[in-house]
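**Student:** The following block contains the structure, expressed as structure tokens.
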Amino acid sequence: MRKRLRDLGIAIGRLPTGKHNAITDVPGVLVGHSTLIFDAPRVARTGVTVILPREGAIWRNHAFAATHTLNGSGEMTGVHWIAESGMLTSPIAITNTAQVGTVHEALNSYAYEFGWTDVWDLPVVAETWDGWLNDMAAFHVSKDHVYQAIESAGSGSVVEGNVGGGTGMICHEFKGGIGTASRMVSCPSGTYTVGALVQANYGAREDLRVDGVPVGQEISIERVPSGRAEPPGGSSIIVIIATDAPLVHSQCKRLAQRATIGLARVGGMGYNGSGDIFLAFATGNQLASETQKPYALQMLPNDQLNGFFLGVVEAVEEAILNALTAAETMTGFRGRTAYELPFDELQRIMKRDQ
């Protein structure tokens, strides 16, 4: 049975985690998956993952948000409206490269069908490429699968690894996928939660580091074959950051930028073929869409943000590593196999370097 990083006795960072060490530790944030694994009539190793801020009421009660791109060989819809308005106005979905349009249409349909909007919507849908293990040209993900992910969304522990949008993903040439983590941040204004969820599908084996240890260099291709035959460094990572702190758009932008550091700690270099796209949102202000009155806003002083920066870095770093430790060996399209990160090797290397 696969485990999370801390279950292996490897604890990284300085800040305490939330109860579940997951993005769902941020109050009101729900996560749901729809996972597609079958071989006929065509091979499916794919799915969709949804993040619902405000327990889904984000359509009517928006949240300050911002995005940041390290390398732009990827897609995230809705980013222009976030930049223009400073707000996230829909749930967030993550899927494979070929199905952004399907998932985008499904989110729109869900909003109209269930009365979340009767005017317009610009959903946020992000992607990474799962074409090594999944027959992407079969377009397996449907509207119903998106609905299933939304309706299954919940709080508490989050299923990681080969699940949802992360089902067919590969990270540092090992099996990758969905991972999450959280940190508790205390400042003079109070104690808040920062959570991260990643869809990890990037990176070269030799770049992989765990708490600064060059683990990837220690696990040879002869010991664990590479998950890909083509030169590594392509594909992508999507990072979603959430906090319940009262931050405004410009401060969310600063949090999104710090995801770059968490990615770099694990070994993400933002290579040419990689789409490294990050979104941060903050639910500490209430931004009702139908009000005609000025918003009563709060904003943390900027000099209290250092703990949040650290929280983002640590949560992103651990979320990626949780994706790696949770993911299981998978064989898929054309008989290709992506192998799991071996626990015995990881623990041996980490103990030796303590």
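Just so we're on the same page: first chain in the structure tokens is A, next is B, and so on; residues restart at 1 for each chain, and ligands are numbered from 1 in the order they show up.
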Go through range 28-138 of chain A residue by residue and, counting only C-alpha atoms, keep those with an atom at most 7 Å from range 145-167 of chain A; for each kept residue give the shortest atom pair and its distance in Å to one decimal, ordered by chain and increasing number, as a Markdown table.
**Tutor:**
```
| residue | atom | partner | partner_atom | distance |
| --- | --- | --- | --- | --- |
| A:Val29 | CA | A:Ser155 | CA | 6.7 |
| A:Leu30 | CA | A:Gly154 | CA | 4.7 |
| A:Val31 | CA | A:Ala153 | CA | 4.7 |
| A:Gly32 | CA | A:Ala153 | CA | 3.6 |
| A:His33 | CA | A:Ala149 | CA | 4.5 |
| A:Ser34 | CA | A:Ala149 | CA | 4.9 |
| A:Thr35 | CA | A:Gly164 | CA | 4.5 |
| A:Arg45 | CA | A:Thr167 | CA | 5.7 |
| A:Thr46 | CA | A:Thr167 | CA | 4.9 |
| A:Gly47 | CA | A:Gly164 | CA | 4.4 |
| A:Val48 | CA | A:Gly165 | CA | 4.0 |
| A:Thr49 | CA | A:Gly164 | CA | 4.8 |
| A:Val50 | CA | A:Ala149 | CA | 6.2 |
| A:Ile94 | CA | A:Gly165 | CA | 5.6 |
| A:Thr95 | CA | A:Gly165 | CA | 4.3 |
| A:Asn96 | CA | A:Gly165 | CA | 6.4 |
| A:Val103 | CA | A:Val146 | CA | 6.5 |
| A:Ala106 | CA | A:Val146 | CA | 6.4 |
```
**Student:** Run DSSP on the backbone and give me the residues of range 9-218 of chain A it puts in strand (DSSP E), as JSON, numbers by chain.
**Tutor:** {"A": [30, 31, 32, 33, 34, 35, 36, 37, 38, 44, 45, 46, 47, 48, 49, 50, 51, 52, 61, 62, 63, 64, 65, 66, 67, 68, 69, 70, 71, 72, 87, 88, 92, 93, 94, 95, 96, 124, 125, 126, 127, 128, 170, 171, 174, 175, 177, 178, 179, 180, 181, 182, 183, 184, 185, 186, 187, 190, 191, 192, 193, 194, 195, 196, 197, 198, 199, 200, 201, 202]}
**Student:** If we count only C-alpha atoms, what is near Glu75 in chain A at a cut-off of 8 Å, once residues fewer than 2 positions away on the same chain are taken out, given as a list in words?
**Tutor:**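 Final neighbour list, sorted by chain and number: Gly72, Ser73, Thr77, Thr97, Val125, Ala126, Glu127, Gly275 and Ile277 of chain A.
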**Student:** Suppose we keep all heavy atoms; can you now write the selection as a PDB file, in the first residue's frame?
**Tutor:**
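This is the output file result.pdb:
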```pdb
ATOM      1  N   GLY A  72       5.309  28.781 -19.752  1.00  0.00           N
ATOM      2  CA  GLY A  72       3.950  28.827 -20.271  1.00  0.00           C
ATOM      3  C   GLY A  72       3.576  27.796 -21.305  1.00  0.00           C
ATOM      4  O   GLY A  72       2.673  28.055 -22.098  1.00  0.00           O
ATOM      5  N   SER A  73       4.213  26.630 -21.315  1.00  0.00           N
ATOM      6  CA  SER A  73       3.824  25.599 -22.271  1.00  0.00           C
ATOM      7  C   SER A  73       2.668  24.783 -21.697  1.00  0.00           C
ATOM      8  O   SER A  73       2.774  23.584 -21.441  1.00  0.00           O
ATOM      9  CB  SER A  73       5.014  24.683 -22.602  1.00  0.00           C
ATOM     10  OG  SER A  73       4.648  23.738 -23.581  1.00  0.00           O
ATOM     11  N   THR A  77      -7.559  28.215 -18.242  1.00  0.00           N
ATOM     12  CA  THR A  77      -8.554  29.162 -18.717  1.00  0.00           C
ATOM     13  C   THR A  77      -8.977  30.099 -17.588  1.00  0.00           C
ATOM     14  O   THR A  77      -8.773  29.819 -16.410  1.00  0.00           O
ATOM     15  CB  THR A  77      -9.792  28.435 -19.254  1.00  0.00           C
ATOM     16  OG1 THR A  77     -10.484  27.814 -18.150  1.00  0.00           O
ATOM     17  CG2 THR A  77      -9.412  27.377 -20.279  1.00  0.00           C
ATOM     18  N   THR A  97      -4.612  17.475 -21.240  1.00  0.00           N
ATOM     19  CA  THR A  97      -4.447  18.543 -22.219  1.00  0.00           C
ATOM     20  C   THR A  97      -5.564  18.589 -23.253  1.00  0.00           C
ATOM     21  O   THR A  97      -6.030  19.669 -23.635  1.00  0.00           O
ATOM     22  CB  THR A  97      -3.090  18.372 -22.929  1.00  0.00           C
ATOM     23  OG1 THR A  97      -2.055  18.360 -21.935  1.00  0.00           O
ATOM     24  CG2 THR A  97      -2.839  19.485 -23.921  1.00  0.00           C
ATOM     25  N   VAL A 125     -10.044  26.148 -15.822  1.00  0.00           N
ATOM     26  CA  VAL A 125      -9.706  24.765 -16.133  1.00  0.00           C
ATOM     27  C   VAL A 125      -8.234  24.717 -16.526  1.00  0.00           C
ATOM     28  O   VAL A 125      -7.802  25.463 -17.404  1.00  0.00           O
ATOM     29  CB  VAL A 125     -10.563  24.194 -17.277  1.00  0.00           C
ATOM     30  CG1 VAL A 125     -10.218  22.717 -17.510  1.00  0.00           C
ATOM     31  CG2 VAL A 125     -12.048  24.359 -16.983  1.00  0.00           C
ATOM     32  N   ALA A 126      -7.472  23.850 -15.872  1.00  0.00           N
ATOM     33  CA  ALA A 126      -6.044  23.705 -16.156  1.00  0.00           C
ATOM     34  C   ALA A 126      -5.753  22.277 -16.595  1.00  0.00           C
ATOM     35  O   ALA A 126      -6.557  21.365 -16.381  1.00  0.00           O
ATOM     36  CB  ALA A 126      -5.218  24.069 -14.928  1.00  0.00           C
ATOM     37  N   GLU A 127      -4.580  22.094 -17.195  1.00  0.00           N
ATOM     38  CA  GLU A 127      -4.259  20.785 -17.768  1.00  0.00           C
ATOM     39  C   GLU A 127      -2.788  20.441 -17.643  1.00  0.00           C
ATOM     40  O   GLU A 127      -1.939  21.317 -17.548  1.00  0.00           O
ATOM     41  CB  GLU A 127      -4.657  20.749 -19.250  1.00  0.00           C
ATOM     42  CG  GLU A 127      -4.028  21.847 -20.117  1.00  0.00           C
ATOM     43  CD  GLU A 127      -2.588  21.624 -20.520  1.00  0.00           C
ATOM     44  OE1 GLU A 127      -2.154  20.443 -20.575  1.00  0.00           O
ATOM     45  OE2 GLU A 127      -1.880  22.612 -20.778  1.00  0.00           O
ATOM     46  N   GLY A 275       4.621  23.303 -18.694  1.00  0.00           N
ATOM     47  CA  GLY A 275       3.642  24.316 -18.328  1.00  0.00           C
ATOM     48  C   GLY A 275       3.531  24.382 -16.828  1.00  0.00           C
ATOM     49  O   GLY A 275       2.907  23.523 -16.210  1.00  0.00           O
ATOM     50  N   ILE A 277       2.069  26.444 -14.051  1.00  0.00           N
ATOM     51  CA  ILE A 277       1.072  27.496 -13.897  1.00  0.00           C
ATOM     52  C   ILE A 277       0.458  27.377 -12.504  1.00  0.00           C
ATOM     53  O   ILE A 277       0.023  26.302 -12.091  1.00  0.00           O
ATOM     54  CB  ILE A 277      -0.013  27.377 -14.982  1.00  0.00           C
ATOM     55  CG1 ILE A 277       0.636  27.364 -16.377  1.00  0.00           C
ATOM     56  CG2 ILE A 277      -1.003  28.530 -14.873  1.00  0.00           C
ATOM     57  CD1 ILE A 277      -0.328  27.098 -17.510  1.00  0.00           C
TER      58      ILE A 277
END
```
**Student:** Neighbours of Pro225 in chain A within 12 Å (only C-alpha atoms; same-chain residues fewer than 6 positions away dropped), as a PDB file with N, CA, C and O atoms, in the first residue's frame?
**Tutor:**
```
ATOM      1  N   HIS A 172       9.119  13.501 -12.480  1.00  0.00           N
ATOM      2  CA  HIS A 172      10.541  13.160 -12.353  1.00  0.00           C
ATOM      3  C   HIS A 172      10.824  11.736 -12.820  1.00  0.00           C
ATOM      4  O   HIS A 172      11.653  11.028 -12.247  1.00  0.00           O
ATOM      5  N   GLU A 173      10.080  11.309 -13.853  1.00  0.00           N
ATOM      6  CA  GLU A 173      10.228   9.995 -14.480  1.00  0.00           C
ATOM      7  C   GLU A 173       9.754   8.839 -13.606  1.00  0.00           C
ATOM      8  O   GLU A 173       9.966   7.675 -13.947  1.00  0.00           O
ATOM      9  N   PHE A 174       9.123   9.147 -12.473  1.00  0.00           N
ATOM     10  CA  PHE A 174       8.385   8.177 -11.681  1.00  0.00           C
ATOM     11  C   PHE A 174       6.895   8.442 -11.889  1.00  0.00           C
ATOM     12  O   PHE A 174       6.498   9.462 -12.436  1.00  0.00           O
ATOM     13  N   LYS A 175       6.068   7.530 -11.418  1.00  0.00           N
ATOM     14  CA  LYS A 175       4.636   7.792 -11.484  1.00  0.00           C
ATOM     15  C   LYS A 175       4.296   8.975 -10.600  1.00  0.00           C
ATOM     16  O   LYS A 175       4.738   9.064  -9.456  1.00  0.00           O
ATOM     17  N   ARG A 205      14.613  12.921 -13.881  1.00  0.00           N
ATOM     18  CA  ARG A 205      14.983  12.070 -12.743  1.00  0.00           C
ATOM     19  C   ARG A 205      16.138  12.673 -11.945  1.00  0.00           C
ATOM     20  O   ARG A 205      16.085  12.729 -10.707  1.00  0.00           O
ATOM     21  N   GLY A 216      16.906  11.646  -6.778  1.00  0.00           N
ATOM     22  CA  GLY A 216      16.805  11.200  -8.157  1.00  0.00           C
ATOM     23  C   GLY A 216      18.113  10.707  -8.737  1.00  0.00           C
ATOM     24  O   GLY A 216      18.132   9.759  -9.545  1.00  0.00           O
ATOM     25  N   ILE A 219      18.814   6.947  -7.641  1.00  0.00           N
ATOM     26  CA  ILE A 219      17.989   5.827  -8.096  1.00  0.00           C
ATOM     27  C   ILE A 219      18.173   5.710  -9.602  1.00  0.00           C
ATOM     28  O   ILE A 219      17.598   6.477 -10.374  1.00  0.00           O
ATOM     29  N   THR A 329       2.717   2.241  -9.462  1.00  0.00           N
ATOM     30  CA  THR A 329       3.122   1.822 -10.803  1.00  0.00           C
ATOM     31  C   THR A 329       1.887   1.607 -11.677  1.00  0.00           C
ATOM     32  O   THR A 329       0.909   0.996 -11.252  1.00  0.00           O
ATOM     33  N   ARG A 336       2.956   0.977 -22.238  1.00  0.00           N
ATOM     34  CA  ARG A 336       3.968   1.772 -21.518  1.00  0.00           C
ATOM     35  C   ARG A 336       3.714   1.712 -20.016  1.00  0.00           C
ATOM     36  O   ARG A 336       2.566   1.669 -19.572  1.00  0.00           O
ATOM     37  N   THR A 337       4.801   1.798 -19.247  1.00  0.00           N
ATOM     38  CA  THR A 337       4.700   1.710 -17.793  1.00  0.00           C
ATOM     39  C   THR A 337       5.442   2.867 -17.142  1.00  0.00           C
ATOM     40  O   THR A 337       6.558   3.210 -17.536  1.00  0.00           O
ATOM     41  N   ALA A 338       4.809   3.454 -16.140  1.00  0.00           N
ATOM     42  CA  ALA A 338       5.458   4.433 -15.267  1.00  0.00           C
ATOM     43  C   ALA A 338       5.563   3.801 -13.890  1.00  0.00           C
ATOM     44  O   ALA A 338       4.565   3.327 -13.338  1.00  0.00           O
ATOM     45  N   TYR A 339       6.771   3.786 -13.332  1.00  0.00           N
ATOM     46  CA  TYR A 339       7.040   3.058 -12.098  1.00  0.00           C
ATOM     47  C   TYR A 339       6.994   3.983 -10.885  1.00  0.00           C
ATOM     48  O   TYR A 339       7.442   5.134 -10.936  1.00  0.00           O
ATOM     49  N   GLU A 340       6.496   3.445  -9.793  1.00  0.00           N
ATOM     50  CA  GLU A 340       6.402   4.203  -8.558  1.00  0.00           C
ATOM     51  C   GLU A 340       7.781   4.462  -7.954  1.00  0.00           C
ATOM     52  O   GLU A 340       8.729   3.704  -8.174  1.00  0.00           O
ATOM     53  N   LEU A 341       7.879   5.530  -7.196  1.00  0.00           N
ATOM     54  CA  LEU A 341       9.086   5.830  -6.426  1.00  0.00           C
ATOM     55  C   LEU A 341       9.239   4.764  -5.348  1.00  0.00           C
ATOM     56  O   LEU A 341       8.337   4.574  -4.524  1.00  0.00           O
ATOM     57  N   PRO A 342      10.351   4.033  -5.309  1.00  0.00           N
ATOM     58  CA  PRO A 342      10.484   2.928  -4.341  1.00  0.00           C
ATOM     59  C   PRO A 342      10.745   3.432  -2.922  1.00  0.00           C
ATOM     60  O   PRO A 342      11.680   4.196  -2.684  1.00  0.00           O
TER      61      PRO A 342
END
```
**Student:** Select, from A:Asn61, A:Gly227, A:Ile23, A:Ala98, the residue with the minimum atom-to-atom distance to Ala138 in chain A, counting only C-alpha atoms.
**Tutor:**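 Comparing A:Asn61, A:Gly227, A:Ile23, A:Ala98 against Ala138 in chain A, the winner is A:Ala98.
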**Student:** Using only C-alpha atoms, which protein or nucleic acid residues come within 6 Å of range 251-260 of chain A? Drop anything in the same chain fewer than 3 positions from it, and give the result as a list in words.
**Tutor:**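 After dropping sequence-adjacent residues, the list is Ala65, Ala66, Thr67, His68, Leu247, Val248, Leu263, Phe278, Leu279, Ala280 and Val313 of chain A.
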